[in-house]
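Reproduced below: query07.cif, with mmCIF, C-alpha atoms.
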data_query
#
loop_
_atom_site.group_PDB
_atom_site.id
_atom_site.type_symbol
_atom_site.label_atom_id
_atom_site.label_comp_id
_atom_site.auth_asym_id
_atom_site.auth_seq_id
_atom_site.Cartn_x
_atom_site.Cartn_y
_atom_site.Cartn_z
ATOM 1 C CA MET Y 1 -54.883 124.800 105.291
ATOM 2 C CA THR Y 2 -52.548 122.040 104.122
ATOM 3 C CA ARG Y 3 -49.978 120.435 106.419
ATOM 4 C CA GLY Y 4 -47.179 118.364 104.931
ATOM 5 C CA PHE Y 5 -44.970 115.691 106.454
ATOM 6 C CA TYR Y 6 -41.306 115.249 105.503
ATOM 7 C CA ILE Y 7 -39.290 112.457 107.099
ATOM 8 C CA GLY Y 8 -35.571 111.813 107.161
ATOM 9 C CA ARG Y 9 -32.783 110.908 109.550
ATOM 10 C CA PHE Y 10 -31.165 114.327 109.071
ATOM 11 C CA GLN Y 11 -27.723 113.090 110.192
ATOM 12 C CA PRO Y 12 -27.098 116.016 109.798
ATOM 13 C CA PHE Y 13 -29.669 118.334 108.207
ATOM 14 C CA HIS Y 14 -27.847 119.486 105.043
ATOM 15 C CA GLU Y 15 -28.345 121.804 102.059
ATOM 16 C CA GLY Y 16 -30.183 119.077 100.124
ATOM 17 C CA HIS Y 17 -32.785 118.827 102.899
ATOM 18 C CA HIS Y 18 -32.964 122.617 103.055
ATOM 19 C CA ALA Y 19 -33.625 122.865 99.316
ATOM 20 C CA MET Y 20 -36.310 120.165 99.567
ATOM 21 C CA VAL Y 21 -38.128 122.084 102.318
ATOM 22 C CA ASP Y 22 -37.867 125.257 100.228
ATOM 23 C CA ARG Y 23 -39.688 123.436 97.392
ATOM 24 C CA ILE Y 24 -42.233 121.793 99.700
ATOM 25 C CA ARG Y 25 -43.218 125.071 101.363
ATOM 26 C CA GLU Y 26 -44.606 126.358 98.045
ATOM 27 C CA GLU Y 27 -47.334 123.682 98.257
ATOM 28 C CA ILE Y 28 -48.287 123.713 101.942
ATOM 29 C CA ASP Y 29 -49.088 126.014 104.857
ATOM 30 C CA GLU Y 30 -47.366 124.087 107.655
ATOM 31 C CA LEU Y 31 -44.733 121.367 107.776
ATOM 32 C CA VAL Y 32 -44.109 118.486 110.129
ATOM 33 C CA VAL Y 33 -40.512 117.313 109.962
ATOM 34 C CA GLY Y 34 -40.289 113.719 111.149
ATOM 35 C CA ILE Y 35 -36.874 112.915 112.594
ATOM 36 C CA GLY Y 36 -36.408 109.241 111.799
ATOM 37 C CA SER Y 37 -34.233 106.873 113.820
ATOM 38 C CA ALA Y 38 -34.739 109.214 116.770
ATOM 39 C CA ASP Y 39 -33.637 106.461 119.129
ATOM 40 C CA LYS Y 40 -30.206 106.256 117.476
ATOM 41 C CA SER Y 41 -27.157 108.406 118.251
ATOM 42 C CA HIS Y 42 -23.412 108.331 118.871
ATOM 43 C CA THR Y 43 -22.596 106.050 115.932
ATOM 44 C CA VAL Y 44 -20.865 106.926 112.675
ATOM 45 C CA ARG Y 45 -24.134 106.452 110.748
ATOM 46 C CA ASN Y 46 -26.234 108.268 113.372
ATOM 47 C CA PRO Y 47 -23.913 110.576 115.308
ATOM 48 C CA PHE Y 48 -26.461 113.138 116.504
ATOM 49 C CA THR Y 49 -29.242 112.807 119.070
ATOM 50 C CA ALA Y 50 -32.860 113.572 118.231
ATOM 51 C CA GLY Y 51 -32.631 116.720 120.347
ATOM 52 C CA GLU Y 52 -29.558 117.914 118.473
ATOM 53 C CA ARG Y 53 -31.289 117.312 115.166
ATOM 54 C CA ILE Y 54 -34.338 119.235 116.398
ATOM 55 C CA MET Y 55 -32.022 122.179 117.127
ATOM 56 C CA MET Y 56 -30.465 121.950 113.647
ATOM 57 C CA ILE Y 57 -33.806 121.785 111.862
ATOM 58 C CA THR Y 58 -35.547 124.440 113.942
ATOM 59 C CA LYS Y 59 -32.740 126.941 113.414
ATOM 60 C CA ALA Y 60 -32.307 126.137 109.715
ATOM 61 C CA LEU Y 61 -36.014 126.477 108.924
ATOM 62 C CA ALA Y 62 -36.592 129.693 110.905
ATOM 63 C CA GLU Y 63 -35.743 131.748 107.801
ATOM 64 C CA PHE Y 64 -38.768 130.344 105.960
ATOM 65 C CA GLU Y 65 -41.281 131.990 108.325
ATOM 66 C CA MET Y 66 -43.545 128.957 108.094
ATOM 67 C CA THR Y 67 -44.992 127.024 110.995
ATOM 68 C CA THR Y 68 -42.942 123.855 111.400
ATOM 69 C CA TYR Y 69 -43.054 121.037 113.904
ATOM 70 C CA ALA Y 70 -40.027 118.794 114.412
ATOM 71 C CA VAL Y 71 -41.076 115.463 115.887
ATOM 72 C CA PRO Y 72 -38.831 112.536 116.783
ATOM 73 C CA ILE Y 73 -39.893 109.188 115.301
ATOM 74 C CA GLU Y 74 -38.210 106.137 116.813
ATOM 75 C CA ASP Y 75 -37.496 103.133 114.635
ATOM 76 C CA LEU Y 76 -40.205 100.518 114.837
ATOM 77 C CA ASN Y 77 -38.816 97.780 112.561
ATOM 78 C CA ARG Y 78 -42.340 96.642 111.673
ATOM 79 C CA ASN Y 79 -43.132 98.138 108.301
ATOM 80 C CA ALA Y 80 -46.772 97.013 108.223
ATOM 81 C CA VAL Y 81 -47.637 99.290 111.175
ATOM 82 C CA TRP Y 82 -45.044 102.019 110.612
ATOM 83 C CA VAL Y 83 -47.431 104.639 109.163
ATOM 84 C CA GLY Y 84 -49.737 104.284 112.178
ATOM 85 C CA HIS Y 85 -46.705 104.745 114.435
ATOM 86 C CA VAL Y 86 -45.729 107.914 112.537
ATOM 87 C CA GLN Y 87 -49.282 109.243 112.775
ATOM 88 C CA SER Y 88 -49.360 108.583 116.519
ATOM 89 C CA MET Y 89 -46.184 110.640 117.011
ATOM 90 C CA SER Y 90 -47.074 113.517 114.693
ATOM 91 C CA PRO Y 91 -49.633 116.267 114.303
ATOM 92 C CA ARG Y 92 -52.219 115.387 111.640
ATOM 93 C CA PHE Y 93 -50.907 115.892 108.098
ATOM 94 C CA ASP Y 94 -52.497 115.894 104.653
ATOM 95 C CA VAL Y 95 -49.631 114.919 102.368
ATOM 96 C CA ALA Y 96 -46.297 113.154 102.848
ATOM 97 C CA TYR Y 97 -43.083 113.993 101.015
ATOM 98 C CA SER Y 98 -40.492 111.324 100.366
ATOM 99 C CA ASN Y 99 -38.333 109.856 97.630
ATOM 100 C CA ASN Y 100 -37.605 106.671 99.585
ATOM 101 C CA PRO Y 101 -39.352 103.820 97.712
ATOM 102 C CA LEU Y 102 -40.303 101.940 100.895
ATOM 103 C CA VAL Y 103 -41.659 105.052 102.614
ATOM 104 C CA VAL Y 104 -43.636 105.969 99.487
ATOM 105 C CA ARG Y 105 -45.109 102.455 99.353
ATOM 106 C CA LEU Y 106 -46.057 102.414 103.048
ATOM 107 C CA PHE Y 107 -47.819 105.798 102.890
ATOM 108 C CA GLU Y 108 -49.622 104.854 99.664
ATOM 109 C CA GLU Y 109 -50.850 101.592 101.207
ATOM 110 C CA ALA Y 110 -52.269 103.699 104.062
ATOM 111 C CA ASP Y 111 -54.099 105.900 101.499
ATOM 112 C CA ILE Y 112 -51.946 108.961 102.226
ATOM 113 C CA GLU Y 113 -51.007 111.147 99.280
ATOM 114 C CA VAL Y 114 -47.268 111.111 98.643
ATOM 115 C CA ARG Y 115 -45.450 113.718 96.622
ATOM 116 C CA GLN Y 116 -41.941 113.214 95.356
ATOM 117 C CA SER Y 117 -39.516 115.925 94.403
ATOM 118 C CA PRO Y 118 -36.213 115.839 92.564
ATOM 119 C CA MET Y 119 -33.329 115.714 94.984
ATOM 120 C CA PHE Y 120 -31.060 118.748 95.073
ATOM 121 C CA GLN Y 121 -27.512 117.918 93.948
ATOM 122 C CA ARG Y 122 -27.789 114.474 95.557
ATOM 123 C CA ASP Y 123 -24.229 113.518 94.613
ATOM 124 C CA GLU Y 124 -22.893 116.361 96.754
ATOM 125 C CA PHE Y 125 -25.554 116.918 99.405
ATOM 126 C CA GLU Y 126 -25.855 113.575 101.105
ATOM 127 C CA GLY Y 127 -25.519 112.769 104.798
ATOM 128 C CA THR Y 128 -22.909 110.072 104.181
ATOM 129 C CA GLU Y 129 -20.686 112.594 102.401
ATOM 130 C CA VAL Y 130 -21.085 115.186 105.165
ATOM 131 C CA ARG Y 131 -20.252 112.639 107.882
ATOM 132 C CA GLN Y 132 -17.261 111.268 105.943
ATOM 133 C CA ARG Y 133 -15.866 114.755 105.540
ATOM 134 C CA MET Y 134 -16.239 115.284 109.283
ATOM 135 C CA VAL Y 135 -14.360 112.057 109.991
ATOM 136 C CA ASN Y 136 -11.586 113.061 107.571
ATOM 137 C CA GLY Y 137 -11.347 116.623 108.875
ATOM 138 C CA ASP Y 138 -12.337 117.977 105.429
ATOM 139 C CA ASP Y 139 -14.681 120.860 104.621
ATOM 140 C CA TRP Y 140 -18.186 119.764 105.622
ATOM 141 C CA GLU Y 141 -19.498 123.184 106.651
ATOM 142 C CA SER Y 142 -20.172 124.175 103.019
ATOM 143 C CA LEU Y 143 -22.645 121.277 102.730
ATOM 144 C CA VAL Y 144 -24.933 122.391 105.578
ATOM 145 C CA PRO Y 145 -26.825 125.606 106.359
ATOM 146 C CA ARG Y 146 -24.783 128.056 108.455
ATOM 147 C CA THR Y 147 -27.083 127.583 111.457
ATOM 148 C CA VAL Y 148 -26.557 123.812 111.324
ATOM 149 C CA ALA Y 149 -22.784 124.265 111.267
ATOM 150 C CA GLU Y 150 -23.161 126.455 114.352
ATOM 151 C CA VAL Y 151 -25.151 123.774 116.189
ATOM 152 C CA ILE Y 152 -22.627 121.084 115.240
ATOM 153 C CA GLY Y 153 -19.837 123.362 116.467
ATOM 154 C CA GLU Y 154 -21.662 124.008 119.746
ATOM 155 C CA ILE Y 155 -22.067 120.284 120.463
ATOM 156 C CA GLU Y 156 -18.590 119.401 119.147
ATOM 157 C CA GLY Y 157 -20.238 117.088 116.645
ATOM 158 C CA ALA Y 158 -17.287 116.815 114.263
ATOM 159 C CA GLU Y 159 -15.025 115.843 117.152
ATOM 160 C CA ARG Y 160 -17.612 113.302 118.291
ATOM 161 C CA ILE Y 161 -17.826 111.525 114.939
ATOM 162 C CA GLN Y 162 -14.025 111.567 114.579
ATOM 163 C CA GLN Y 163 -13.664 109.924 117.992
ATOM 164 C CA ILE Y 164 -16.368 107.297 117.542
ATOM 165 C CA SER Y 165 -15.028 106.358 114.110
ATOM 166 C CA GLN Y 166 -11.722 105.274 115.662
ATOM 167 C CA THR Y 167 -10.867 101.829 116.939
ATOM 168 C CA ASP Y 168 -8.352 100.844 119.555
ATOM 169 C CA THR Y 169 -5.072 99.269 118.507
ATOM 170 C CA ASN Y 170 -5.913 95.655 119.339
ATOM 171 C CA GLY Y 171 -9.380 95.666 117.783
ATOM 172 C CA ALA Y 172 -11.265 95.094 121.036
ATOM 173 C CA ASP Y 173 -13.558 98.025 120.278
ATOM 174 C CA ARG Y 174 -14.172 97.166 116.642
ATOM 175 C CA VAL Y 175 -16.942 98.998 114.876
ATOM 176 C CA ASN Y 176 -19.175 97.296 112.328
ATOM 177 C CA GLY Y 177 -20.169 98.882 109.021
ATOM 178 C CA ASN Y 178 -23.005 100.840 110.665
ATOM 179 C CA GLY Y 179 -20.719 102.509 113.160
ATOM 180 C CA ASP Y 180 -22.213 100.492 115.979
ATOM 181 C CA PRO Y 181 -20.054 98.503 118.400
ATOM 182 C CA ALA Y 182 -19.303 95.163 116.819
ATOM 183 C CA ASP Y 183 -20.845 92.043 118.234
ATOM 184 C CA ASP Y 184 -18.241 89.509 119.363
#
Any chance you could put this one into structure tokens?
Amino acid sequence: MTRGFYIGRFQPFHEGHHAMVDRIREEIDELVVGIGSADKSHTVRNPFTAGERIMMITKALAEFEMTTYAVPIEDLNRNAVWVGHVQSMSPRFDVAYSNNPLVVRLFEEADIEVRQSPMFQRDEFEGTEVRQRMVNGDDWESLVPRTVAEVIGEIEGAERIQQISQTDTNGADRVNGNGDPADD
């Protein structure tokens, strides 16, 4: 049996992620989905909680009839020990999937096989695009699996990101480029 590991922030889980899992599942028996930046939420860059992302992923991947584990991975900000941190938070896995150059490097340095896969319509299916469409009130639902759109609707996620992307009129609640409250 082969168990794979696929990490991302999944803010939100979109059709590009879904297509990647569809490709990955041809090579493995089980999949661990690592939810990166699990400690981040309620910002424009990271609007959804780890629990909300677990709901999105679990519902979206149910159609594949493959054993999956969604595990939150908090940011560590110490790259040299990051793989050990991931391994401590995850079931054992045999192969990691990523196209992120830093993630690939870190897994390779830890002697873990890394497989890369072409991204699915990356120009269209990207978290930044989905979030920007939510902020603008544009069609974002077509970029995510139906079940993910349902979860986002249930938690009023589009309304959340629209509200947190606003600033007050005098600038006292400025937001920096990451969507986090600005430091004064």
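Minimum atom-to-atom distance to Y:Phe10, evaluated using all atoms listed in the file, belongs to Y:Met55 out of Y:Leu31, Y:Met55, Y:Ile24, Y:Leu106.
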Residue neighbourhood Y:Glu154, 12 Å, all atoms listed in the file, exclusion window fewer than 6 positions, as an mmCIF file with C-alpha atoms, keeping the file's coordinate frame:
data_model
loop_
_atom_site.group_PDB
_atom_site.id
_atom_site.type_symbol
_atom_site.label_atom_id
_atom_site.label_comp_id
_atom_site.auth_asym_id
_atom_site.auth_seq_id
_atom_site.Cartn_x
_atom_site.Cartn_y
_atom_site.Cartn_z
ATOM 1 C CA GLU Y 52 -29.558 117.914 118.473
ATOM 2 C CA MET Y 55 -32.022 122.179 117.127
ATOM 3 C CA MET Y 56 -30.465 121.950 113.647
ATOM 4 C CA THR Y 147 -27.083 127.583 111.457
ATOM 5 C CA VAL Y 148 -26.557 123.812 111.324
ATOM 6 C CA ARG Y 160 -17.612 113.302 118.291
#
Polymer residues at most 12 Å from Y:Ala62, only C-alpha atoms, same-chain spacing of 4 or more positions, as a PDB file with C-alpha atoms, in the coordinates of the input:
ATOM      1  CA  HIS Y  18     -32.964 122.617 103.055  1.00  0.00           C
ATOM      2  CA  VAL Y  21     -38.128 122.084 102.318  1.00  0.00           C
ATOM      3  CA  ASP Y  22     -37.867 125.257 100.228  1.00  0.00           C
ATOM      4  CA  MET Y  55     -32.022 122.179 117.127  1.00  0.00           C
ATOM      5  CA  MET Y  56     -30.465 121.950 113.647  1.00  0.00           C
ATOM      6  CA  ILE Y  57     -33.806 121.785 111.862  1.00  0.00           C
ATOM      7  CA  THR Y  58     -35.547 124.440 113.942  1.00  0.00           C
ATOM      8  CA  MET Y  66     -43.545 128.957 108.094  1.00  0.00           C
ATOM      9  CA  THR Y  67     -44.992 127.024 110.995  1.00  0.00           C
ATOM     10  CA  THR Y  68     -42.942 123.855 111.400  1.00  0.00           C
ATOM     11  CA  TYR Y  69     -43.054 121.037 113.904  1.00  0.00           C
ATOM     12  CA  ALA Y  70     -40.027 118.794 114.412  1.00  0.00           C
ATOM     13  CA  PRO Y 145     -26.825 125.606 106.359  1.00  0.00           C
ATOM     14  CA  THR Y 147     -27.083 127.583 111.457  1.00  0.00           C
ATOM     15  CA  VAL Y 148     -26.557 123.812 111.324  1.00  0.00           C
TER      16      VAL Y 148
END
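Of the listed residues (Y:Val71, Y:Phe64, Y:Phe48, Y:Asn99), Y:Val71 comes nearest to Y:Gln87; the distances count only C-alpha atoms.
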>> So that I can check the surroundings of Y:Ser165, please list as a list in words every protein, DNA and RNA residue that reaches within 9 Å of it, counting only C-alpha atoms and ignoring chain neighbours fewer than 2 positions away.
In response: Thr43, Val44, Val135, Arg160, Ile161, Gln162, Gln163, Thr167, Val175 and Gly179 of chain Y
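One finds atom CA of Y:Val144 at 26.0 Å from atom CA of Y:Leu102.
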>> One decimal, in Å: what's the spacing between atom CA of Y:Arg92 and atom CA of Y:Arg3?
In response: 7.6 Å
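Minimum atom-to-atom distances from Y:Glu63, Y:Asp75, Y:Asp168, Y:Asp94 to Y:Met1 were compared using only C-alpha atoms, and the lowest value belongs to Y:Asp94.
Summary of the local environment: counting all atoms listed in the file, residues at most 9 Å from Y:Gly36, other than itself and those fewer than 5 positions away along its chain, are Ile7, Gly8, Arg9, Phe10, Ala50, Val71, Pro72, Ile73, Glu74 and Asp75 of chain Y.
Coordinates place atom CA of Y:Pro101 at a distance of 24.7 Å from atom CA of Y:Gln132.
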> Can you list, as a PyMOL selection string, the residues that the PyMOL selection byres ((chain Y and resi 114) around 8) selects here?
Replying inline: chain Y and resi 95-98+104+107-108+112-113+115-116
>> Here is a test: counting all atoms listed in the file, which residue of Y:Glu15, Y:Glu65, Y:Asp29, Y:Glu109 is nearest to Y:Asn79?
In response: Y:Glu109
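Of the listed residues Y:Gly127, Y:Ala60, Y:Arg105, Y:Glu159, the one whose atoms come nearest to Y:Ala19 is Y:Ala60, with distances taken using all atoms listed in the file.
Nearest residue to Y:Ile164 among Y:Asn46, Y:Ser142, Y:Gln11, Y:Ser37 is Y:Asn46, counting all atoms listed in the file.
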Starting from the incomplete input, reconstruct N, CA and C atoms of stretch 41-63 of chain Y and report them as an mmCIF file, keeping the file's coordinate frame.
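Once everything was written out, this is rebuild-v7.cif:
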data_model
loop_
_atom_site.group_PDB
_atom_site.id
_atom_site.type_symbol
_atom_site.label_atom_id
_atom_site.label_comp_id
_atom_site.auth_asym_id
_atom_site.auth_seq_id
_atom_site.Cartn_x
_atom_site.Cartn_y
_atom_site.Cartn_z
ATOM 1 N N SER Y 41 -28.136 107.318 118.172
ATOM 2 C CA SER Y 41 -27.157 108.406 118.251
ATOM 3 C C SER Y 41 -25.793 107.821 118.586
ATOM 4 N N HIS Y 42 -24.779 108.662 118.479
ATOM 5 C CA HIS Y 42 -23.412 108.331 118.871
ATOM 6 C C HIS Y 42 -22.826 107.142 118.109
ATOM 7 N N THR Y 43 -23.222 107.011 116.839
ATOM 8 C CA THR Y 43 -22.596 106.050 115.932
ATOM 9 C C THR Y 43 -22.161 106.824 114.696
ATOM 10 N N VAL Y 44 -21.318 106.235 113.876
ATOM 11 C CA VAL Y 44 -20.865 106.926 112.675
ATOM 12 C C VAL Y 44 -22.038 107.204 111.737
ATOM 13 N N ARG Y 45 -22.965 106.267 111.617
ATOM 14 C CA ARG Y 45 -24.134 106.452 110.748
ATOM 15 C C ARG Y 45 -25.151 107.412 111.360
ATOM 16 N N ASN Y 46 -25.267 107.429 112.653
ATOM 17 C CA ASN Y 46 -26.234 108.268 113.372
ATOM 18 C C ASN Y 46 -25.536 108.975 114.535
ATOM 19 N N PRO Y 47 -24.705 109.968 114.239
ATOM 20 C CA PRO Y 47 -23.913 110.576 115.308
ATOM 21 C C PRO Y 47 -24.675 111.528 116.220
ATOM 22 N N PHE Y 48 -25.788 112.087 115.753
ATOM 23 C CA PHE Y 48 -26.461 113.138 116.504
ATOM 24 C C PHE Y 48 -27.732 112.637 117.171
ATOM 25 N N THR Y 49 -28.031 113.183 118.349
ATOM 26 C CA THR Y 49 -29.242 112.807 119.070
ATOM 27 C C THR Y 49 -30.457 113.454 118.405
ATOM 28 N N ALA Y 50 -31.634 112.966 118.756
ATOM 29 C CA ALA Y 50 -32.860 113.572 118.231
ATOM 30 C C ALA Y 50 -32.942 115.039 118.643
ATOM 31 N N GLY Y 51 -32.593 115.336 119.876
ATOM 32 C CA GLY Y 51 -32.631 116.720 120.347
ATOM 33 C C GLY Y 51 -31.691 117.624 119.576
ATOM 34 N N GLU Y 52 -30.508 117.122 119.259
ATOM 35 C CA GLU Y 52 -29.558 117.914 118.473
ATOM 36 C C GLU Y 52 -30.083 118.158 117.068
ATOM 37 N N ARG Y 53 -30.724 117.150 116.499
ATOM 38 C CA ARG Y 53 -31.289 117.312 115.166
ATOM 39 C C ARG Y 53 -32.470 118.272 115.183
ATOM 40 N N ILE Y 54 -33.246 118.256 116.256
ATOM 41 C CA ILE Y 54 -34.338 119.235 116.398
ATOM 42 C C ILE Y 54 -33.763 120.646 116.393
ATOM 43 N N MET Y 55 -32.664 120.860 117.120
ATOM 44 C CA MET Y 55 -32.022 122.179 117.127
ATOM 45 C C MET Y 55 -31.594 122.581 115.718
ATOM 46 N N MET Y 56 -30.932 121.657 115.001
ATOM 47 C CA MET Y 56 -30.465 121.950 113.647
ATOM 48 C C MET Y 56 -31.624 122.366 112.746
ATOM 49 N N ILE Y 57 -32.668 121.565 112.755
ATOM 50 C CA ILE Y 57 -33.806 121.785 111.862
ATOM 51 C C ILE Y 57 -34.555 123.056 112.228
ATOM 52 N N THR Y 58 -34.815 123.259 113.499
ATOM 53 C CA THR Y 58 -35.547 124.440 113.942
ATOM 54 C C THR Y 58 -34.813 125.719 113.546
ATOM 55 N N LYS Y 59 -33.515 125.748 113.766
ATOM 56 C CA LYS Y 59 -32.740 126.941 113.414
ATOM 57 C C LYS Y 59 -32.633 127.122 111.905
ATOM 58 N N ALA Y 60 -32.449 126.035 111.165
ATOM 59 C CA ALA Y 60 -32.307 126.137 109.715
ATOM 60 C C ALA Y 60 -33.602 126.573 109.034
ATOM 61 N N LEU Y 61 -34.744 126.168 109.575
ATOM 62 C CA LEU Y 61 -36.014 126.477 108.924
ATOM 63 C C LEU Y 61 -36.634 127.789 109.393
ATOM 64 N N ALA Y 62 -36.047 128.434 110.391
ATOM 65 C CA ALA Y 62 -36.592 129.693 110.905
ATOM 66 C C ALA Y 62 -36.684 130.751 109.807
ATOM 67 N N GLU Y 63 -35.756 130.744 108.868
ATOM 68 C CA GLU Y 63 -35.743 131.748 107.801
ATOM 69 C C GLU Y 63 -36.962 131.667 106.898
#
